[in-house]
Structures are given as C-alpha cells and as structure tokens.
$ cat start-v1.json   # JSON, C-alpha atoms
[["chain", "number", "residue", "atom", "x", "y", "z"],
["A", 266, "MET", "CA", 0.00, 0.00, 0.00],
["A", 267, "ALA", "CA", 1.37, 3.44, -0.92],
["A", 268, "SER", "CA", 2.04, 5.73, 1.99],
["A", 269, "SER", "CA", 0.46, 9.14, 2.09],
["A", 270, "ILE", "CA", 2.56, 12.30, 2.04],
["A", 271, "PHE", "CA", 0.51, 13.42, 5.04],
["A", 272, "ASP", "CA", 0.80, 11.80, 8.46],
["A", 273, "ARG", "CA", -2.15, 12.18, 10.83],
["A", 274, "SER", "CA", -0.08, 10.88, 13.74],
["A", 275, "ILE", "CA", 2.06, 14.05, 13.67],
["A", 276, "ASN", "CA", -0.80, 15.87, 15.39],
["A", 277, "PRO", "CA", -4.13, 14.05, 15.74],
["A", 278, "LYS", "CA", -5.69, 17.17, 17.29],
["A", 279, "VAL", "CA", -5.71, 18.79, 13.81],
["A", 280, "PHE", "CA", -9.04, 17.05, 13.21],
["A", 281, "THR", "CA", -10.62, 17.73, 16.61],
["A", 282, "ASP", "CA", -9.42, 21.19, 17.71],
["A", 283, "TRP", "CA", -10.01, 24.27, 15.53],
["A", 284, "ARG", "CA", -6.85, 25.93, 16.86],
["A", 285, "HIS", "CA", -4.69, 23.02, 15.77],
["A", 286, "CYS", "CA", -6.55, 22.83, 12.45],
["A", 287, "LEU", "CA", -5.77, 26.49, 11.68],
["A", 288, "ALA", "CA", -2.22, 26.35, 13.01],
["A", 289, "PHE", "CA", -1.54, 23.29, 10.84],
["A", 290, "GLY", "CA", -2.93, 25.05, 7.76],
["A", 291, "LEU", "CA", -6.10, 22.95, 7.53],
["A", 292, "GLY", "CA", -3.93, 19.83, 7.67],
["A", 293, "SER", "CA", -1.25, 20.89, 5.17],
["A", 294, "GLY", "CA", 1.31, 21.02, 8.00],
["A", 295, "LEU", "CA", 0.94, 17.26, 8.44],
["A", 296, "ALA", "CA", 3.19, 16.69, 5.42],
["A", 297, "ARG", "CA", 5.98, 14.23, 6.18],
["A", 298, "LYS", "CA", 8.51, 16.31, 4.21],
["A", 299, "ALA", "CA", 8.66, 20.08, 3.66],
["A", 300, "PRO", "CA", 5.56, 21.01, 5.69],
["A", 301, "GLY", "CA", 6.34, 24.72, 5.24],
["A", 302, "THR", "CA", 6.27, 24.37, 1.49],
["A", 303, "TRP", "CA", 3.06, 22.32, 1.59],
["A", 304, "GLY", "CA", 1.57, 24.85, 4.01],
["A", 305, "THR", "CA", 2.44, 27.73, 1.69],
["A", 306, "LEU", "CA", 1.00, 25.81, -1.26],
["A", 307, "ALA", "CA", -2.24, 25.32, 0.69],
["A", 308, "ALA", "CA", -2.30, 29.07, 1.41],
["A", 309, "VAL", "CA", -2.14, 30.01, -2.28],
["A", 310, "PRO", "CA", -5.88, 29.69, -3.11],
["A", 311, "PHE", "CA", -6.97, 31.34, 0.13],
["A", 312, "CYS", "CA", -4.58, 34.28, -0.15],
["A", 313, "CYS", "CA", -5.14, 34.69, -3.89],
["A", 314, "VAL", "CA", -8.89, 35.06, -3.35],
["A", 315, "LEU", "CA", -8.27, 37.75, -0.71],
["A", 316, "TRP", "CA", -5.69, 39.48, -2.94],
["A", 317, "TRP", "CA", -7.98, 39.41, -5.97],
["A", 318, "VAL", "CA", -11.29, 40.34, -4.30],
["A", 319, "PHE", "CA", -10.45, 42.91, -1.65],
["A", 320, "PRO", "CA", -8.94, 46.36, -2.01],
["A", 321, "ALA", "CA", -5.38, 46.68, -0.68],
["A", 322, "TRP", "CA", -6.43, 48.42, 2.55],
["A", 323, "LEU", "CA", -8.88, 45.63, 3.45],
["A", 324, "PHE", "CA", -6.39, 42.91, 2.44],
["A", 325, "ALA", "CA", -3.86, 44.61, 4.75],
["A", 326, "ALA", "CA", -6.39, 44.68, 7.60],
["A", 327, "ILE", "CA", -7.14, 40.96, 7.11],
["A", 328, "LEU", "CA", -3.40, 40.15, 7.10],
["A", 329, "LEU", "CA", -2.94, 42.18, 10.29],
["A", 330, "ALA", "CA", -5.80, 40.31, 11.96],
["A", 331, "MET", "CA", -4.34, 36.99, 10.77],
["A", 332, "SER", "CA", -0.96, 38.00, 12.21],
["A", 333, "VAL", "CA", -2.38, 38.92, 15.61],
["A", 334, "LEU", "CA", -4.45, 35.74, 15.68],
["A", 335, "GLY", "CA", -1.34, 33.83, 14.62],
["A", 336, "VAL", "CA", 0.75, 34.99, 17.58],
["A", 337, "TRP", "CA", -1.88, 33.64, 19.96],
["A", 338, "LEU", "CA", -2.68, 30.56, 17.87],
["A", 339, "CYS", "CA", 0.95, 29.49, 17.43],
["A", 340, "SER", "CA", 1.62, 30.06, 21.12],
["A", 341, "VAL", "CA", -1.31, 27.89, 22.22],
["A", 342, "VAL", "CA", -0.61, 25.07, 19.76],
["A", 343, "ALA", "CA", 3.15, 25.07, 20.39],
["A", 344, "GLN", "CA", 2.45, 24.85, 24.12],
["A", 345, "ASP", "CA", -0.04, 22.00, 23.58],
["A", 346, "LEU", "CA", 2.55, 20.11, 21.51],
["A", 347, "GLY", "CA", 5.42, 20.93, 23.86],
["A", 348, "VAL", "CA", 7.56, 22.16, 20.95],
["A", 349, "HIS", "CA", 8.54, 25.83, 20.51],
["A", 350, "ASP", "CA", 8.24, 26.01, 16.71],
["A", 351, "HIS", "CA", 6.85, 22.70, 15.50],
["A", 352, "GLY", "CA", 7.52, 22.28, 11.77],
["A", 353, "GLY", "CA", 3.88, 21.43, 11.15],
["A", 354, "ILE", "CA", 2.66, 24.81, 12.38],
["A", 355, "VAL", "CA", 2.20, 26.61, 9.07],
["A", 356, "TRP", "CA", -0.20, 29.43, 9.90],
["A", 357, "ASP", "CA", 2.85, 31.68, 9.80],
["A", 358, "GLU", "CA", 3.47, 30.60, 6.17],
["A", 359, "TRP", "CA", -0.13, 31.47, 5.31],
["A", 360, "VAL", "CA", 0.35, 34.98, 6.69],
["A", 361, "GLY", "CA", 3.83, 35.42, 5.18],
["A", 362, "TYR", "CA", 2.65, 34.35, 1.74],
["A", 363, "GLY", "CA", -0.30, 36.76, 1.96],
["A", 364, "ILE", "CA", 2.08, 39.59, 2.86],
["A", 365, "ALA", "CA", 4.25, 38.69, -0.14],
["A", 366, "LEU", "CA", 1.22, 39.26, -2.41],
["A", 367, "PHE", "CA", 0.28, 42.60, -0.90],
["A", 368, "ALA", "CA", -0.60, 45.32, -3.47],
["A", 369, "LEU", "CA", 0.92, 43.46, -6.41],
["A", 370, "PRO", "CA", -0.65, 43.95, -9.85],
["A", 371, "LEU", "CA", -3.51, 41.55, -10.52],
["A", 372, "GLN", "CA", -1.84, 39.28, -13.07],
["A", 373, "TRP", "CA", -1.70, 35.48, -12.93],
["A", 374, "TYR", "CA", 2.08, 35.20, -12.56],
["A", 375, "TRP", "CA", 2.43, 37.25, -9.34],
["A", 376, "PRO", "CA", 1.11, 34.47, -7.05],
["A", 377, "VAL", "CA", 3.59, 32.04, -8.64],
["A", 378, "LEU", "CA", 6.51, 34.47, -8.24],
["A", 379, "ALA", "CA", 5.36, 35.28, -4.69],
["A", 380, "PHE", "CA", 5.36, 31.58, -3.83],
["A", 381, "VAL", "CA", 8.91, 31.09, -5.14],
["A", 382, "VAL", "CA", 10.40, 34.25, -3.62],
["A", 383, "PHE", "CA", 8.67, 33.71, -0.26],
["A", 384, "ARG", "CA", 9.79, 30.06, 0.01],
["A", 385, "VAL", "CA", 13.39, 30.95, -0.90],
["A", 386, "LEU", "CA", 13.54, 33.70, 1.72],
["A", 387, "ASP", "CA", 11.72, 31.62, 4.35],
["A", 388, "ILE", "CA", 14.15, 28.72, 3.88],
["A", 389, "TRP", "CA", 17.32, 30.81, 3.41],
["A", 390, "LYS", "CA", 16.47, 33.23, 6.26],
["A", 391, "PRO", "CA", 18.78, 36.16, 5.50],
["A", 392, "TRP", "CA", 19.42, 38.74, 8.23],
["A", 393, "PRO", "CA", 17.29, 39.97, 10.09],
["A", 394, "ILE", "CA", 14.99, 36.98, 9.55],
["A", 395, "ALA", "CA", 17.53, 34.48, 10.94],
["A", 396, "TRP", "CA", 18.23, 36.66, 13.98],
["A", 397, "CYS", "CA", 14.51, 36.92, 14.79],
["A", 398, "ASP", "CA", 14.03, 33.19, 14.27],
["A", 399, "LYS", "CA", 16.78, 32.42, 16.82],
["A", 400, "ASN", "CA", 16.12, 35.16, 19.38],
["A", 401, "ILE", "CA", 12.37, 35.76, 19.59],
["A", 402, "HIS", "CA", 10.35, 33.04, 21.29],
["A", 403, "GLY", "CA", 6.74, 32.07, 21.85],
["A", 404, "GLY", "CA", 3.96, 32.70, 19.37],
["A", 405, "LEU", "CA", 5.57, 35.96, 18.28],
["A", 406, "GLY", "CA", 8.79, 34.09, 17.53],
["A", 407, "VAL", "CA", 6.92, 31.55, 15.39],
["A", 408, "MET", "CA", 5.23, 34.32, 13.41],
["A", 409, "VAL", "CA", 7.86, 37.04, 13.08],
["A", 410, "ASP", "CA", 10.34, 35.29, 10.79],
["A", 411, "ASP", "CA", 7.62, 34.47, 8.25],
["A", 412, "VAL", "CA", 6.11, 37.95, 8.49],
["A", 413, "LEU", "CA", 9.57, 39.39, 7.76],
["A", 414, "ALA", "CA", 10.12, 36.91, 4.92],
["A", 415, "GLY", "CA", 6.75, 37.98, 3.51],
["A", 416, "MET", "CA", 7.66, 41.68, 3.81],
["A", 417, "LEU", "CA", 11.04, 41.17, 2.15],
["A", 418, "SER", "CA", 9.38, 39.08, -0.57],
["A", 419, "CYS", "CA", 6.83, 41.84, -1.11],
["A", 420, "LEU", "CA", 9.59, 44.44, -1.48],
["A", 421, "CYS", "CA", 11.47, 42.24, -3.97],
["A", 422, "LEU", "CA", 8.32, 41.55, -5.96],
["A", 423, "HIS", "CA", 7.41, 45.23, -6.13],
["A", 424, "GLY", "CA", 10.94, 45.85, -7.40],
["A", 425, "PHE", "CA", 10.38, 43.17, -10.05],
["A", 426, "SER", "CA", 7.06, 44.80, -10.95],
["A", 427, "LEU", "CA", 8.88, 47.99, -11.90],
["A", 428, "VAL", "CA", 10.78, 45.97, -14.50],
["A", 429, "LEU", "CA", 8.10, 43.45, -15.55],
["A", 430, "VAL", "CA", 5.00, 45.66, -15.73],
["A", 431, "PRO", "CA", 5.10, 48.71, -18.02]]
$ encode --input "start-v1.json" --output "structure tokens"
Amino acid sequence: MASSIFDRSINPKVFTDWRHCLAFGLGSGLARKAPGTWGTLAAVPFCCVLWWVFPAWLFAAILLAMSVLGVWLCSVVAQDLGVHDHGGIVWDEWVGYGIALFALPLQWYWPVLAFVVFRVLDIWKPWPIAWCDKNIHGGLGVMVDDVLAGMLSCLCLHGFSLVLVP
C-alpha cells in the first residue's frame, strides 16, 4: 500500500481542535517532508482570493488580523505540543505568503513568483529573519520570521514589478 505524504499521527488534534486545524494550515502542515512548502501551497488559493477580491487596505487589515491571531494561535498550539516552533505549524506561512502578495498587480504570474520568492527567503532566512528566528520566542517568535520573509518578498516583488510591468 502506498504511503500518504501526510501523516495524521504528527498531530491528531488537527481534526478535533479548531486551533490546531488552523495552526496546521487545515492539515497541510501534516506533510511528512517540507511542511512549510506544503503549508504555503495550501495558502495560495486562500490568499489569492483575498488578494484578488479585496482592495489593498482591506487585504492589509485581514493580514494584520491573521498576524495577531497567529501569535496567539501558534503560542497555544506550540504549548499544547510541547515544541517551541513545531515544523507542522504553518499558519505563519499562510500569513507570510499573503504579505508577499500585498498590493501586487492583478496578473496570474504574481502568485507564482510570490510563492517562489517567499519560500526561498523563508528557507534561506537572511538577516534579520535568521536573527529573529533564533532570538524571539513564543507565538511571536513563530510568526515574526515568516512575516519578515513575507515583507522582504513583497519588497522584492514590487521591485520586479517595476521591471516586468510597463
């Protein structure tokens, strides 16, 4: 029998506790390998709908609310699991990817570029992202490195937009 890429035993509470379900990106964080990448991939449709439908100011307000919720959510779930920054917690990737999309032109290729740039920066963790990842703890520590990776991605993508979009 073929094994699934997702492993329910990583966190069985994902299917019984709404906080764990959100923190694990609706189950995408249960991936056996590269849960952050799978979590970001799961965030693409959700964030793209918000990016496409809402004006920038409302998209920003939603991302801010998701960030604030994320600090609490990641803190509670990390405490429940007994692990500071469990790899399966991917709510921070959802927020970071959304930030990467912020105020980009509404063309099909921006979500793809945002995915690539965000994942590269989230994995590579250039300064100050790496410093924050190592020195800030709790729910804020889980969230801040991905928020910064999203912000840096957004800046890079807006720079690209000056070249790519006339």
$ closest_residue --input "start-v1.json" --among "A:Pro310, A:Gly347, A:Gly304, A:Gly335" --to "A:Asn276" --atoms "only C-alpha atoms"
A:Gly347
$ residues_around --input "start-v1.json" --residues "A:Val360" --least-positions-apart "2" --cutoff "10 Å" --atoms "only C-alpha atoms" --output "VMD selection string"
chain A and resid 305 308 312 327 to 332 335 355 to 358 362 to 365 408 411 to 412 415
$ atom_distance --input "start-v1.json" --atom1 "atom CA of A:Asp350" --atom2 "atom CA of A:Val309"
22.0 Å
$ atom_distance --input "start-v1.json" --atom1 "atom CA of A:Phe324" --atom2 "atom CA of A:Phe367"
7.5 Å
$ atom_distance --input "start-v1.json" --atom1 "atom CA of A:Cys397" --atom2 "atom CA of A:Trp359"
18.3 Å
$ residues_around --input "start-v1.json" --residues "A:Ala343" --least-positions-apart "4" --cutoff "10 Å" --atoms "only C-alpha atoms" --output "list of chain:residue names"
A:His285, A:Ala288, A:Trp337, A:Leu338, A:Cys339, A:Gly347, A:Val348, A:His349, A:Asp350, A:His351, A:Gly353, A:Ile354, A:Gly403, A:Gly404, A:Val407
$ residues_around --input "start-v1.json" --residues "A:Lys390" --least-positions-apart "5" --cutoff "8 Å" --atoms "only C-alpha atoms" --output "list in words"
Ala395, Asp410 and Ala414 of chain A
$ residues_around --input "start-v1.json" --residues "A:Trp303" --least-positions-apart "3" --cutoff "10 Å" --atoms "all atoms listed in the file" --output "list in words"
Phe271, Gly290, Gly292, Ser293, Gly294, Leu295, Ala296, Arg297, Lys298, Ala299, Pro300, Leu306, Ala307, Ala308, Gly353, Val355 and Glu358 of chain A
$ closest_residue --input "start-v1.json" --among "A:Leu287, A:Val336, A:Ile388, A:Val382" --to "A:Leu420" --atoms "all atoms listed in the file"
A:Val382
$ closest_residue --input "start-v1.json" --among "A:Pro320, A:Pro370, A:Pro277, A:Gly406" --to "A:Leu346" --atoms "all atoms listed in the file"
A:Pro277
$ closest_residue --input "start-v1.json" --among "A:Thr302, A:Ser426, A:Ser269, A:Ser274" --to "A:Ala368" --atoms "only C-alpha atoms"
A:Ser426
$ closest_residue --input "start-v1.json" --among "A:Leu291, A:Leu334, A:Leu429, A:Leu413" --to "A:Asp398" --atoms "only C-alpha atoms"
A:Leu413
$ build_atoms --input "start-v1.json" --residues "stretch 370-381 of chain A" --atoms "N, CA and C atoms" --output "PDB file, in the frame of the given file"
ATOM      1  N   PRO A 370       0.314  43.865  -8.741  1.00  0.00           N
ATOM      2  CA  PRO A 370      -0.650  43.950  -9.850  1.00  0.00           C
ATOM      3  C   PRO A 370      -1.418  42.630  -9.979  1.00  0.00           C
ATOM      4  N   LEU A 371      -2.651  42.720 -10.434  1.00  0.00           N
ATOM      5  CA  LEU A 371      -3.510  41.550 -10.520  1.00  0.00           C
ATOM      6  C   LEU A 371      -3.294  40.793 -11.836  1.00  0.00           C
ATOM      7  N   GLN A 372      -2.140  40.165 -11.952  1.00  0.00           N
ATOM      8  CA  GLN A 372      -1.840  39.280 -13.070  1.00  0.00           C
ATOM      9  C   GLN A 372      -1.535  37.896 -12.533  1.00  0.00           C
ATOM     10  N   TRP A 373      -1.778  36.872 -13.365  1.00  0.00           N
ATOM     11  CA  TRP A 373      -1.700  35.480 -12.930  1.00  0.00           C
ATOM     12  C   TRP A 373      -0.323  35.068 -12.415  1.00  0.00           C
ATOM     13  N   TYR A 374       0.733  35.683 -12.903  1.00  0.00           N
ATOM     14  CA  TYR A 374       2.080  35.200 -12.560  1.00  0.00           C
ATOM     15  C   TYR A 374       2.567  35.699 -11.201  1.00  0.00           C
ATOM     16  N   TRP A 375       1.958  36.742 -10.641  1.00  0.00           N
ATOM     17  CA  TRP A 375       2.430  37.250  -9.340  1.00  0.00           C
ATOM     18  C   TRP A 375       2.285  36.239  -8.215  1.00  0.00           C
ATOM     19  N   PRO A 376       1.180  35.489  -8.116  1.00  0.00           N
ATOM     20  CA  PRO A 376       1.110  34.470  -7.050  1.00  0.00           C
ATOM     21  C   PRO A 376       2.184  33.393  -7.188  1.00  0.00           C
ATOM     22  N   VAL A 377       2.542  33.035  -8.420  1.00  0.00           N
ATOM     23  CA  VAL A 377       3.590  32.040  -8.640  1.00  0.00           C
ATOM     24  C   VAL A 377       4.940  32.606  -8.193  1.00  0.00           C
ATOM     25  N   LEU A 378       5.248  33.825  -8.646  1.00  0.00           N
ATOM     26  CA  LEU A 378       6.510  34.470  -8.240  1.00  0.00           C
ATOM     27  C   LEU A 378       6.551  34.681  -6.727  1.00  0.00           C
ATOM     28  N   ALA A 379       5.421  35.075  -6.148  1.00  0.00           N
ATOM     29  CA  ALA A 379       5.360  35.280  -4.690  1.00  0.00           C
ATOM     30  C   ALA A 379       5.655  33.989  -3.953  1.00  0.00           C
ATOM     31  N   PHE A 380       5.110  32.876  -4.447  1.00  0.00           N
ATOM     32  CA  PHE A 380       5.360  31.580  -3.830  1.00  0.00           C
ATOM     33  C   PHE A 380       6.862  31.262  -3.836  1.00  0.00           C
ATOM     34  N   VAL A 381       7.485  31.424  -4.996  1.00  0.00           N
ATOM     35  CA  VAL A 381       8.910  31.090  -5.140  1.00  0.00           C
ATOM     36  C   VAL A 381       9.778  31.989  -4.270  1.00  0.00           C
TER      37      VAL A 381
END
